[in-house]
$ cat input01.cif   # mmCIF, C-alpha atoms
data_start
#
loop_
_atom_site.label_atom_id
_atom_site.label_comp_id
_atom_site.auth_asym_id
_atom_site.auth_seq_id
_atom_site.Cartn_x
_atom_site.Cartn_y
_atom_site.Cartn_z
CA MET A 15 -19.47 33.66 15.14
CA SER A 16 -15.80 33.51 14.13
CA GLU A 17 -14.96 31.88 17.47
CA ARG A 18 -17.56 29.16 16.87
CA ILE A 19 -16.11 28.45 13.41
CA THR A 20 -12.62 28.07 14.90
CA ASP A 21 -13.98 25.78 17.60
CA LEU A 22 -15.77 23.79 14.92
CA ILE A 23 -12.47 23.19 13.12
CA HIS A 24 -10.39 22.67 16.27
CA HIS A 25 -13.01 20.82 18.28
CA ALA A 26 -11.90 19.37 21.59
CA TYR A 27 -14.08 16.27 21.51
CA VAL A 28 -12.23 12.95 21.10
CA PRO A 29 -14.32 9.75 20.84
CA PRO A 30 -13.62 7.21 23.57
CA ALA A 31 -11.20 4.42 22.74
CA GLY A 32 -12.17 0.76 22.62
CA PHE A 33 -14.74 0.74 19.82
CA GLU A 34 -14.76 -2.59 17.96
CA ALA A 35 -17.02 -3.85 15.17
CA PRO A 36 -16.87 -6.43 12.36
CA GLN A 37 -15.62 -3.85 9.87
CA LEU A 38 -12.60 -1.64 10.39
CA GLY A 39 -12.86 2.13 10.44
CA VAL A 40 -12.14 4.08 7.26
CA PHE A 41 -9.28 6.51 7.87
CA LYS A 42 -8.93 9.04 5.06
CA ALA A 43 -6.21 11.64 5.05
CA SER A 44 -3.73 13.62 3.07
CA THR A 45 -2.42 15.52 6.10
CA VAL A 46 -1.41 13.49 9.16
CA PHE A 47 -0.88 15.36 12.45
CA PHE A 48 2.28 15.12 14.57
CA PRO A 49 2.28 15.94 18.29
CA THR A 50 5.77 17.51 18.20
CA VAL A 51 8.50 18.50 15.78
CA ALA A 52 10.61 15.68 17.19
CA ALA A 53 7.87 13.20 16.31
CA MET A 54 7.60 14.68 12.83
CA ARG A 55 11.32 14.17 12.27
CA SER A 56 11.50 10.70 13.76
CA ARG A 57 8.52 8.91 12.23
CA GLU A 58 9.25 6.22 9.66
CA TRP A 59 6.64 5.22 7.08
CA LYS A 60 8.61 2.55 5.21
CA ASP A 61 8.10 -0.16 7.86
CA LYS A 62 4.53 0.78 8.86
CA THR A 63 5.51 1.68 12.41
CA ALA A 64 3.99 5.16 12.06
CA TYR A 65 2.04 7.51 9.79
CA THR A 66 3.49 10.52 7.99
CA TYR A 67 1.29 11.36 5.00
CA GLY A 68 -1.89 9.87 3.62
CA LEU A 69 -0.22 8.74 0.40
CA HIS A 70 2.03 6.44 2.42
CA GLY A 71 -0.84 4.74 4.20
CA THR A 72 -3.48 4.95 6.91
CA PRO A 73 -4.69 2.28 9.36
CA THR A 74 -7.21 1.24 6.69
CA SER A 75 -4.71 0.61 3.90
CA TYR A 76 -2.19 -0.97 6.27
CA ALA A 77 -4.86 -3.45 7.36
CA LEU A 78 -5.69 -4.48 3.79
CA GLU A 79 -2.03 -4.83 2.87
CA GLU A 80 -1.36 -7.09 5.82
CA ARG A 81 -4.38 -9.28 5.11
CA LEU A 82 -3.51 -9.65 1.43
CA ALA A 83 0.05 -10.63 2.32
CA THR A 84 -1.37 -13.32 4.58
CA LEU A 85 -3.74 -14.53 1.84
CA GLU A 86 -0.91 -15.07 -0.66
CA GLY A 87 1.72 -16.22 1.82
CA GLY A 88 3.89 -13.13 1.44
CA GLU A 89 5.40 -10.75 3.95
CA GLN A 90 4.93 -7.29 2.42
CA CYS A 91 2.25 -5.74 0.22
CA LEU A 92 1.74 -2.52 -1.72
CA LEU A 93 -1.61 -1.26 -2.98
CA VAL A 94 -1.95 0.36 -6.40
CA PRO A 95 -4.93 1.74 -8.38
CA SER A 96 -5.39 -1.30 -10.67
CA GLY A 97 -4.02 -4.69 -11.65
CA LEU A 98 -2.24 -3.12 -14.60
CA ALA A 99 -0.70 -0.54 -12.27
CA ALA A 100 0.71 -3.47 -10.27
CA LEU A 101 2.42 -4.82 -13.39
CA GLY A 102 3.70 -1.34 -14.21
CA LEU A 103 5.09 -0.79 -10.72
CA VAL A 104 7.14 -3.99 -10.99
CA ALA A 105 8.58 -2.89 -14.34
CA LEU A 106 9.34 0.66 -13.20
CA SER A 107 11.05 -0.58 -10.05
CA LEU A 108 13.24 -3.33 -11.49
CA LEU A 109 14.10 -2.49 -15.11
CA LYS A 110 16.35 0.12 -16.68
CA SER A 111 17.66 0.91 -20.14
CA GLY A 112 19.62 -2.05 -21.54
CA ASP A 113 17.68 -4.64 -19.53
CA GLU A 114 15.41 -7.27 -21.01
CA VAL A 115 12.16 -8.75 -19.71
CA LEU A 116 10.67 -12.09 -20.79
CA LEU A 117 6.92 -12.72 -20.96
CA PRO A 118 4.84 -15.77 -21.88
CA ASP A 119 3.18 -15.44 -25.26
CA ASN A 120 -0.18 -15.79 -23.50
CA ALA A 121 0.50 -12.89 -21.12
CA TYR A 122 -2.20 -10.41 -20.19
CA GLY A 123 -2.60 -8.15 -23.22
CA PRO A 124 -2.03 -4.79 -21.48
CA ASN A 125 1.25 -6.11 -20.04
CA LYS A 126 2.33 -6.83 -23.62
CA SER A 127 1.29 -3.32 -24.60
CA LEU A 128 3.37 -1.93 -21.74
CA VAL A 129 6.57 -3.69 -22.82
CA GLU A 130 5.97 -2.95 -26.51
CA GLY A 131 5.24 0.71 -25.82
CA GLU A 132 6.69 2.56 -22.85
CA LEU A 133 9.37 0.04 -21.88
CA LEU A 134 10.71 -0.33 -25.40
CA GLY A 135 10.77 3.45 -25.72
CA TRP A 136 12.92 3.60 -22.59
CA GLY A 137 15.45 1.15 -24.02
CA ILE A 138 14.12 -1.94 -22.23
CA THR A 139 13.76 -4.87 -24.62
CA HIS A 140 11.52 -7.91 -24.37
CA GLN A 141 11.08 -11.42 -25.71
CA TYR A 142 8.08 -13.76 -25.64
CA TYR A 143 8.57 -17.40 -24.68
CA ASN A 144 6.36 -20.44 -25.24
CA PRO A 145 4.39 -20.73 -21.99
CA MET A 146 4.15 -24.52 -22.37
CA ASP A 147 7.88 -25.10 -22.94
CA PRO A 148 10.27 -24.45 -20.02
CA GLU A 149 13.22 -25.19 -22.32
CA ASP A 150 12.19 -22.29 -24.55
CA LEU A 151 12.14 -20.02 -21.52
CA GLU A 152 15.61 -21.11 -20.45
CA ALA A 153 16.99 -20.71 -23.96
CA GLN A 154 15.88 -17.07 -24.04
CA ILE A 155 17.40 -16.05 -20.71
CA SER A 156 20.54 -14.00 -21.26
CA SER A 157 22.83 -11.73 -19.28
CA ARG A 158 20.43 -8.88 -20.08
CA THR A 159 17.40 -10.69 -18.65
CA LYS A 160 16.45 -9.07 -15.36
CA LEU A 161 12.81 -10.14 -15.00
CA VAL A 162 10.62 -13.04 -16.11
CA TRP A 163 6.84 -12.72 -16.02
CA LEU A 164 4.76 -15.85 -15.36
CA GLU A 165 1.02 -16.48 -15.70
CA ALA A 166 -0.99 -19.42 -14.41
CA ALA A 167 -3.35 -19.91 -16.10
CA GLY A 168 -2.58 -17.99 -19.28
CA SER A 169 -4.69 -15.04 -20.29
CA VAL A 170 -7.82 -15.85 -22.33
CA SER A 171 -6.71 -19.30 -23.57
CA LEU A 172 -6.09 -20.61 -20.03
CA GLU A 173 -3.12 -22.90 -20.66
CA PHE A 174 -1.54 -23.97 -17.37
CA PRO A 175 2.28 -23.90 -17.46
CA ASP A 176 4.83 -25.98 -15.62
CA LEU A 177 5.17 -23.18 -13.12
CA VAL A 178 7.42 -25.11 -10.75
CA GLU A 179 10.00 -25.93 -13.41
CA MET A 180 9.96 -22.38 -14.78
CA VAL A 181 10.59 -20.93 -11.33
CA ARG A 182 13.41 -23.41 -10.75
CA ILE A 183 15.01 -22.38 -14.05
CA CYS A 184 14.89 -18.71 -13.09
CA GLN A 185 16.25 -19.44 -9.63
CA ARG A 186 19.20 -21.33 -11.15
CA ARG A 187 19.84 -18.46 -13.55
CA LYS A 188 19.40 -15.89 -10.76
CA VAL A 189 16.65 -14.00 -12.57
CA LEU A 190 13.74 -12.41 -10.68
CA THR A 191 10.28 -13.85 -11.29
CA ALA A 192 6.97 -12.01 -11.13
CA LEU A 193 3.67 -13.86 -11.31
CA ASP A 194 0.37 -12.38 -12.39
CA ASN A 195 -1.60 -14.24 -9.72
CA THR A 196 -5.05 -12.80 -10.44
CA TRP A 197 -6.40 -16.17 -11.63
CA GLY A 198 -5.07 -18.04 -8.60
CA ALA A 199 -6.13 -15.26 -6.19
CA GLY A 200 -3.92 -16.67 -3.44
CA LEU A 201 -6.30 -19.63 -3.19
CA ALA A 202 -5.56 -22.05 -6.04
CA PHE A 203 -1.91 -22.43 -5.03
CA ALA A 204 0.72 -20.75 -2.85
CA PRO A 205 2.86 -18.57 -5.14
CA PHE A 206 5.76 -18.22 -2.71
CA ASP A 207 5.77 -21.89 -1.71
CA LEU A 208 5.04 -23.91 -4.84
CA VAL A 209 6.69 -27.07 -3.47
CA PRO A 210 5.86 -27.32 0.24
CA GLY A 211 8.87 -28.30 2.32
CA ALA A 212 11.37 -27.85 -0.51
CA SER A 213 14.82 -26.61 0.44
CA PRO A 214 15.69 -24.19 -0.94
CA ALA A 215 12.17 -22.86 -1.29
CA VAL A 216 10.60 -22.89 -4.74
CA GLY A 217 8.51 -19.77 -5.20
CA VAL A 218 8.14 -16.58 -7.15
CA ASP A 219 9.80 -13.37 -6.04
CA ILE A 220 6.77 -11.15 -6.68
CA SER A 221 3.05 -11.79 -6.89
CA ALA A 222 0.98 -9.15 -8.69
CA HIS A 223 -2.78 -9.34 -8.22
CA ALA A 224 -5.71 -7.49 -9.75
CA LEU A 225 -7.85 -6.96 -6.65
CA THR A 226 -10.47 -5.76 -9.12
CA LYS A 227 -11.41 -9.43 -9.57
CA TYR A 228 -12.01 -11.88 -6.70
CA PRO A 229 -10.85 -9.83 -3.67
CA SER A 230 -13.36 -7.12 -4.63
CA GLY A 231 -16.00 -9.48 -5.98
CA GLY A 232 -18.49 -6.77 -6.89
CA GLY A 233 -17.34 -5.49 -10.25
CA ASP A 234 -17.18 -1.98 -8.78
CA VAL A 235 -13.59 -1.49 -7.58
CA LEU A 236 -10.32 -0.99 -9.45
CA MET A 237 -7.25 -1.89 -7.39
CA GLY A 238 -4.11 -4.00 -7.49
CA SER A 239 -1.43 -5.32 -5.18
CA VAL A 240 2.25 -6.24 -5.33
CA ILE A 241 3.33 -8.79 -2.73
CA THR A 242 6.82 -10.00 -1.83
CA ARG A 243 8.67 -11.98 0.81
CA ASP A 244 12.04 -10.28 0.46
CA ALA A 245 12.42 -7.07 2.49
CA GLY A 246 15.04 -5.57 0.19
CA LEU A 247 12.97 -6.19 -2.91
CA HIS A 248 9.91 -4.76 -1.19
CA LEU A 249 11.81 -1.60 -0.28
CA LYS A 250 12.88 -1.12 -3.90
CA LEU A 251 9.26 -1.44 -5.00
CA LYS A 252 8.06 0.81 -2.19
CA LEU A 253 10.48 3.62 -3.02
CA THR A 254 9.30 3.63 -6.65
CA HIS A 255 5.72 3.55 -5.35
CA MET A 256 6.51 6.65 -3.26
CA ARG A 257 8.39 8.54 -5.98
CA PHE A 258 5.53 8.19 -8.43
CA GLY A 259 2.95 9.17 -5.81
CA ILE A 260 0.90 6.03 -6.34
CA GLY A 261 -2.10 5.93 -4.02
CA VAL A 262 -5.53 4.36 -3.60
CA GLY A 263 -8.75 5.74 -2.15
CA MET A 264 -9.69 4.53 1.30
CA ASN A 265 -13.34 4.07 0.36
CA ASP A 266 -12.20 1.57 -2.27
CA VAL A 267 -9.93 -0.08 0.31
CA GLU A 268 -12.97 -0.38 2.58
CA LEU A 269 -14.91 -2.23 -0.12
CA VAL A 270 -12.12 -4.77 -0.62
CA LEU A 271 -11.73 -5.23 3.15
CA ARG A 272 -15.46 -5.88 3.42
CA ALA A 273 -15.41 -8.46 0.62
CA LEU A 274 -12.21 -10.26 1.57
CA PRO A 275 -13.62 -12.55 4.30
CA SER A 276 -15.91 -14.22 1.75
CA ILE A 277 -13.33 -14.63 -1.03
CA ALA A 278 -12.82 -18.37 -0.48
CA LEU A 279 -16.57 -19.06 -0.53
CA ARG A 280 -17.08 -16.99 -3.67
CA TYR A 281 -14.03 -18.44 -5.45
CA ARG A 282 -15.32 -21.95 -4.74
CA ALA A 283 -18.80 -21.09 -6.04
CA HIS A 284 -17.40 -19.59 -9.26
CA ASP A 285 -15.11 -22.60 -9.66
CA VAL A 286 -17.85 -25.25 -9.23
CA ALA A 287 -20.18 -23.49 -11.65
CA ALA A 288 -17.48 -22.97 -14.29
CA ARG A 289 -16.46 -26.63 -14.21
CA GLU A 290 -20.03 -27.80 -14.62
CA LEU A 291 -20.61 -25.50 -17.57
CA ALA A 292 -17.26 -26.32 -19.16
CA ALA A 293 -18.02 -30.04 -18.99
CA TRP A 294 -21.43 -29.44 -20.57
CA ALA A 295 -19.87 -27.24 -23.27
CA GLN A 296 -17.77 -30.22 -24.34
CA THR A 297 -20.98 -31.94 -25.46
CA GLN A 298 -21.94 -29.12 -27.84
CA ALA A 299 -20.90 -29.74 -31.45
CA GLU A 300 -20.35 -26.05 -32.18
CA PHE A 301 -17.51 -25.96 -29.63
CA VAL A 302 -14.58 -27.91 -31.04
CA GLN A 303 -12.43 -27.28 -27.97
CA VAL A 304 -13.14 -26.26 -24.37
CA LEU A 305 -10.33 -24.70 -22.36
CA HIS A 306 -10.34 -25.07 -18.59
CA PRO A 307 -7.32 -26.37 -16.60
CA ALA A 308 -9.43 -28.95 -14.74
CA LEU A 309 -10.45 -30.66 -18.00
CA GLU A 310 -8.06 -33.48 -18.90
CA GLU A 311 -7.97 -32.38 -22.53
CA SER A 312 -7.10 -28.77 -21.71
CA PRO A 313 -3.46 -27.71 -22.30
CA GLY A 314 -1.44 -28.00 -19.11
CA HIS A 315 -4.02 -30.01 -17.16
CA ALA A 316 -1.32 -32.19 -15.61
CA HIS A 317 0.58 -29.12 -14.36
CA TRP A 318 -2.63 -27.70 -12.86
CA LYS A 319 -3.40 -31.00 -11.16
CA ALA A 320 0.09 -31.25 -9.69
CA LEU A 321 0.14 -27.69 -8.35
CA CYS A 322 -3.44 -27.07 -7.28
CA SER A 323 -3.36 -30.23 -5.25
CA ASP A 324 -5.96 -30.07 -2.52
CA ALA A 325 -8.79 -32.63 -2.49
CA GLU A 326 -10.39 -31.44 -5.73
CA GLY A 327 -7.99 -28.78 -6.97
CA ARG A 328 -8.97 -25.17 -7.32
CA ALA A 329 -9.52 -23.00 -10.36
CA ALA A 330 -10.96 -19.62 -11.20
CA GLY A 331 -14.47 -19.31 -12.66
CA LEU A 332 -13.31 -18.93 -16.26
CA PHE A 333 -13.41 -21.13 -19.31
CA SER A 334 -13.02 -20.53 -23.02
CA VAL A 335 -14.39 -22.30 -26.06
CA ILE A 336 -13.18 -22.53 -29.63
CA LEU A 337 -16.07 -22.23 -32.06
CA ASP A 338 -15.81 -24.39 -35.15
CA ALA A 339 -13.84 -22.64 -37.89
CA ARG A 340 -16.87 -22.72 -40.18
CA PHE A 341 -18.40 -19.96 -38.07
CA GLY A 342 -17.06 -16.56 -39.07
CA ARG A 343 -16.74 -13.38 -37.08
CA ALA A 344 -20.31 -12.25 -37.80
CA GLN A 345 -21.76 -15.56 -36.59
CA THR A 346 -19.58 -15.54 -33.47
CA ASP A 347 -20.70 -12.01 -32.68
CA ALA A 348 -24.33 -13.00 -33.25
CA PHE A 349 -23.93 -15.89 -30.80
CA CYS A 350 -22.52 -13.55 -28.14
CA ASP A 351 -25.21 -10.93 -28.81
CA ALA A 352 -27.91 -13.60 -28.38
CA LEU A 353 -26.84 -14.34 -24.81
CA GLN A 354 -29.17 -12.79 -22.26
CA LEU A 355 -27.77 -13.57 -18.80
CA PHE A 356 -24.15 -13.36 -19.94
CA ARG A 357 -23.34 -9.69 -20.40
CA LEU A 358 -20.72 -8.41 -22.83
CA GLY A 359 -17.98 -6.94 -20.70
CA TYR A 360 -14.34 -7.19 -19.70
CA SER A 361 -13.00 -8.33 -16.32
CA TRP A 362 -14.33 -11.15 -14.14
CA GLY A 363 -14.81 -12.24 -10.56
CA GLY A 364 -18.09 -10.40 -9.97
CA PRO A 365 -21.65 -11.69 -9.48
CA ILE A 366 -22.72 -11.26 -13.14
CA SER A 367 -21.54 -13.68 -15.82
CA LEU A 368 -19.65 -12.14 -18.72
CA VAL A 369 -18.68 -13.13 -22.26
CA VAL A 370 -16.09 -11.75 -24.68
CA PRO A 371 -15.16 -12.95 -28.20
CA TYR A 372 -11.46 -12.62 -28.98
CA GLU A 373 -9.43 -12.47 -32.17
CA LEU A 374 -6.69 -14.58 -30.65
CA GLU A 375 -4.49 -14.52 -33.74
CA THR A 376 -3.92 -10.80 -33.12
CA MET A 377 -2.87 -11.45 -29.50
CA ARG A 378 -0.23 -14.15 -30.03
CA SER A 379 2.97 -14.53 -32.00
CA GLY A 380 1.09 -17.17 -34.00
CA TRP A 381 -1.90 -19.44 -33.58
CA PRO A 382 -0.93 -21.81 -30.73
CA ALA A 383 -0.31 -25.36 -31.94
CA HIS A 384 -2.29 -26.81 -29.02
CA LEU A 385 -5.47 -24.96 -30.04
CA LEU A 386 -7.78 -26.13 -32.79
CA PRO A 387 -8.67 -23.68 -35.57
CA GLY A 388 -11.67 -21.48 -34.93
CA THR A 389 -12.74 -18.44 -32.91
CA LEU A 390 -12.18 -18.16 -29.17
CA VAL A 391 -14.92 -16.99 -26.82
CA ARG A 392 -14.24 -16.59 -23.09
CA PHE A 393 -16.90 -17.02 -20.42
CA SER A 394 -16.56 -15.57 -16.93
CA ILE A 395 -19.00 -17.31 -14.60
CA GLY A 396 -20.78 -15.23 -12.01
CA LEU A 397 -23.06 -16.33 -9.18
CA GLU A 398 -26.25 -17.03 -11.12
CA ASP A 399 -27.91 -20.45 -11.09
CA VAL A 400 -25.89 -22.85 -13.26
CA ALA A 401 -28.97 -24.28 -14.95
CA ASP A 402 -30.03 -20.80 -16.03
CA LEU A 403 -26.58 -20.07 -17.46
CA GLN A 404 -26.55 -23.37 -19.34
CA ALA A 405 -29.98 -22.64 -20.79
CA ASP A 406 -28.77 -19.21 -21.86
CA ILE A 407 -25.81 -20.65 -23.79
CA ALA A 408 -28.06 -23.32 -25.30
CA GLN A 409 -30.57 -20.80 -26.63
CA ALA A 410 -27.80 -18.60 -28.02
CA LEU A 411 -26.34 -21.57 -29.89
CA GLN A 412 -29.54 -21.66 -31.94
CA VAL A 413 -28.29 -18.70 -33.98
CA LEU A 414 -25.47 -20.96 -35.23
CA ARG A 415 -27.85 -23.77 -36.15
#
$ encode --input "input01.cif" --output "structure tokens"
Amino acid sequence: MSERITDLIHHAYVPPAGFEAPQLGVFKASTVFFPTVAAMRSREWKDKTAYTYGLHGTPTSYALEERLATLEGGEQCLLVPSGLAALGLVALSLLKSGDEVLLPDNAYGPNKSLVEGELLGWGITHQYYNPMDPEDLEAQISSRTKLVWLEAAGSVSLEFPDLVEMVRICQRRKVLTALDNTWGAGLAFAPFDLVPGASPAVGVDISAHALTKYPSGGGDVLMGSVITRDAGLHLKLKLTHMRFGIGVGMNDVELVLRALPSIALRYRAHDVAARELAAWAQTQAEFVQVLHPALEESPGHAHWKALCSDAEGRAAGLFSVILDARFGRAQTDAFCDALQLFRLGYSWGGPISLVVPYELETMRSGWPAHLLPGTLVRFSIGLEDVADLQADIAQALQVLR
């Protein structure tokens, strides 16, 4: 019996090579075997030429990293457990006590919490700049500034900045730039090549991406990525990644790999539906302002049009509305509660449409001058029929009438 158990663990069977199928195999490991001590001592994990330990990658995670780098036009990619973890990895790798980081005032809320909490406690200061004013950004850059965060479009209120000019300012001032590229998803514009053919190149240094959204597409995976073009910068990020033992599960990697081939089709479907609903929302008296970069009246529309410059432009499936100021918090909540197809929930990029009311005044340094007074509600458009979603919003508006 004991011999059979040993044979079970050390079984001699090896499957034949040459198996190919549409989906890659899922390689899960903590321990990785070496044929000899010499091989153990000589293998290098930093450049993906070999495998040493599961935390540093398997064929499954290497494959996703390479495909994501291709999607965004980068050269190197690291996987992390969430989009927020991607933002944190950038901060942990590049900032130290005495440094300062600049963020747009419409930055992703948890990134603000990170700089106001942990980073400030470690002696790393921060400033918020006006995302619609490149001159304000430049005025705030100092000798202490080591990193500038960018967002296009801005979180929740969806302003589209002059991303090209902001990157040029940072390049002139020799400050690293990191873009939260979750909205663009590597499809709306090329983060590392914002001005095709420009010399020197105009692009961000780092693209952070919440794979939880469009790359996953199912609302069932938490993962993030950090993508670069510079090998030295990537190594700095990768060493921090290693020292903190940051890893992802290969079953989650499998789900993103399976969804990735359809990302462009899904992104386009979300985009088309969101634009149609945003245009219709402009006709509803209860909404005094509709925020979507493709709408001419939306803040930063011209910047979006210049950057996302294919035949029709591209945009994520999000739009926000400002409810007339006469509607208070209770009425706004009642409107959201009355929605039936739109579910109350955070995140976006999945098949089910979502809605969230925000108290924007608590998320900004002050109420943005380009927004009309009222209460902001953000819609994330899923893959339902547009007519059904429009009817759902219309019936929910009855509680305000």
$ resolve_selection --input "input01.cif" --expression "the PyMOL selection byres ((chain A and resi 108) around 9)" --output "MDAnalysis selection string"
chainID A and resid 103:107 109:110 160:161 250:251
$ atom_distance --input "input01.cif" --atom1 "atom CA of A:Ser221" --atom2 "atom CA of A:Ile241"
5.1 Å
$ residues_around --input "input01.cif" --residues "A:Arg282" --least-positions-apart "5" --cutoff "10 Å" --atoms "only C-alpha atoms" --output "PyMOL selection string"
chain A and resi 201-202+277+287-288+328-331
$ closest_residue --input "input01.cif" --among "A:Gly102, A:Pro229, A:Gly396, A:Pro148" --to "A:Ile366" --atoms "only C-alpha atoms"
A:Gly396
$ atom_distance --input "input01.cif" --atom1 "atom CA of A:Leu164" --atom2 "atom CA of A:Ser394"
21.4 Å
$ atom_distance --input "input01.cif" --atom1 "atom CA of A:Leu358" --atom2 "atom CA of A:Phe393"
9.7 Å
$ residues_around --input "input01.cif" --residues "A:Thr159" --least-positions-apart "4" --cutoff "8 Å" --atoms "only C-alpha atoms" --output "count of residues only"
6
$ residues_around --input "input01.cif" --residues "stretch 141-144 of chain A" --least-positions-apart "5" --cutoff "7 Å" --atoms "only C-alpha atoms" --output "list in words"
Val115, Leu116, Leu117, Pro118, Asp119, Asp150 and Leu151 of chain A
$ write_last_selection --input "input01.cif" --atoms "C-alpha atoms" --output "short mmCIF file (atom, residue, chain, number, x, y, z; two decimals), in the frame of the given file"
data_model
loop_
_atom_site.label_atom_id
_atom_site.label_comp_id
_atom_site.auth_asym_id
_atom_site.auth_seq_id
_atom_site.Cartn_x
_atom_site.Cartn_y
_atom_site.Cartn_z
CA VAL A 115 12.16 -8.75 -19.71
CA LEU A 116 10.67 -12.09 -20.79
CA LEU A 117 6.92 -12.72 -20.96
CA PRO A 118 4.84 -15.77 -21.88
CA ASP A 119 3.18 -15.44 -25.26
CA ASP A 150 12.19 -22.29 -24.55
CA LEU A 151 12.14 -20.02 -21.52
#
$ residues_around --input "input01.cif" --residues "stretch 122-135 of chain A" --least-positions-apart "2" --cutoff "8 Å" --atoms "only C-alpha atoms" --output "PyMOL selection string"
chain A and resi 98+101-102+117+120+137-140+168-169+377
$ residues_around --input "input01.cif" --residues "A:Ser361" --least-positions-apart "6" --cutoff "9 Å" --atoms "all atoms listed in the file" --output "PyMOL selection string"
chain A and resi 226-227+233+368+394
$ write_last_selection --input "input01.cif" --atoms "C-alpha atoms" --output "PDB file, keeping the file's coordinate frame"
ATOM      1  CA  THR A 226     -10.470  -5.760  -9.120  1.00  0.00           C
ATOM      2  CA  LYS A 227     -11.410  -9.430  -9.570  1.00  0.00           C
ATOM      3  CA  GLY A 233     -17.340  -5.490 -10.250  1.00  0.00           C
ATOM      4  CA  LEU A 368     -19.650 -12.140 -18.720  1.00  0.00           C
ATOM      5  CA  SER A 394     -16.560 -15.570 -16.930  1.00  0.00           C
TER       6      SER A 394
END
$ resolve_selection --input "input01.cif" --expression "the PyMOL selection byres ((chain A and resi 398-408) around 9)" --output "list in words"
Ala287, Ala288, Glu290, Leu291, Trp294, Ala295, Gln298, Phe349, Cys350, Ala352, Leu353, Gln354, Leu355, Phe356, Pro365, Ile366, Ser367, Ile395, Gly396, Leu397, Gln409, Ala410, Leu411 and Gln412 of chain A
$ closest_residue --input "input01.cif" --among "A:His306, A:His24, A:Arg272, A:Arg257" --to "A:Thr74" --atoms "all atoms listed in the file"
A:Arg272
$ residues_near_point --input "input01.cif" --point "(4.5, -15.3, -0.3)" --cutoff "7 Å" --atoms "all atoms listed in the file" --output "VMD selection string"
chain A and resid 83 86 to 89 205 to 207 242 to 243
$ write_last_selection --input "input01.cif" --atoms "C-alpha atoms" --output "PDB file, in the frame of the given file"
ATOM      1  CA  ALA A  83       0.050 -10.630   2.320  1.00  0.00           C
ATOM      2  CA  GLU A  86      -0.910 -15.070  -0.660  1.00  0.00           C
ATOM      3  CA  GLY A  87       1.720 -16.220   1.820  1.00  0.00           C
ATOM      4  CA  GLY A  88       3.890 -13.130   1.440  1.00  0.00           C
ATOM      5  CA  GLU A  89       5.400 -10.750   3.950  1.00  0.00           C
ATOM      6  CA  PRO A 205       2.860 -18.570  -5.140  1.00  0.00           C
ATOM      7  CA  PHE A 206       5.760 -18.220  -2.710  1.00  0.00           C
ATOM      8  CA  ASP A 207       5.770 -21.890  -1.710  1.00  0.00           C
ATOM      9  CA  THR A 242       6.820 -10.000  -1.830  1.00  0.00           C
ATOM     10  CA  ARG A 243       8.670 -11.980   0.810  1.00  0.00           C
TER      11      ARG A 243
END
$ residues_near_point --input "input01.cif" --point "(-7.9, 3.9, -11.9)" --cutoff "9 Å" --atoms "all atoms listed in the file" --output "list in words"
Val94, Pro95, Ser96, Ala99, Val235, Leu236, Met237 and Val262 of chain A
$ closest_residue --input "input01.cif" --among "A:Ala224, A:Asp347, A:Gly112, A:Thr196" --to "A:Pro371" --atoms "all atoms listed in the file"
A:Asp347
$ closest_residue --input "input01.cif" --among "A:Ser312, A:Gln90, A:Thr66, A:Thr346" --to "A:Leu247" --atoms "only C-alpha atoms"
A:Gln90
$ resolve_selection --input "input01.cif" --expression "the PyMOL selection byres ((chain A and resi 174-188) around 7)" --output "PyMOL selection string"
chain A and resi 145-146+148+152+166-168+172-173+189-191+208+216-218+307+313-315+317-318
$ closest_residue --input "input01.cif" --among "A:Glu58, A:Asp147, A:Asp219, A:Asp266" --to "A:Asp234" --atoms "all atoms listed in the file"
A:Asp266
$ closest_residue --input "input01.cif" --among "A:Val369, A:Val209, A:Leu385, A:Leu269" --to "A:Ala339" --atoms "all atoms listed in the file"
A:Leu385
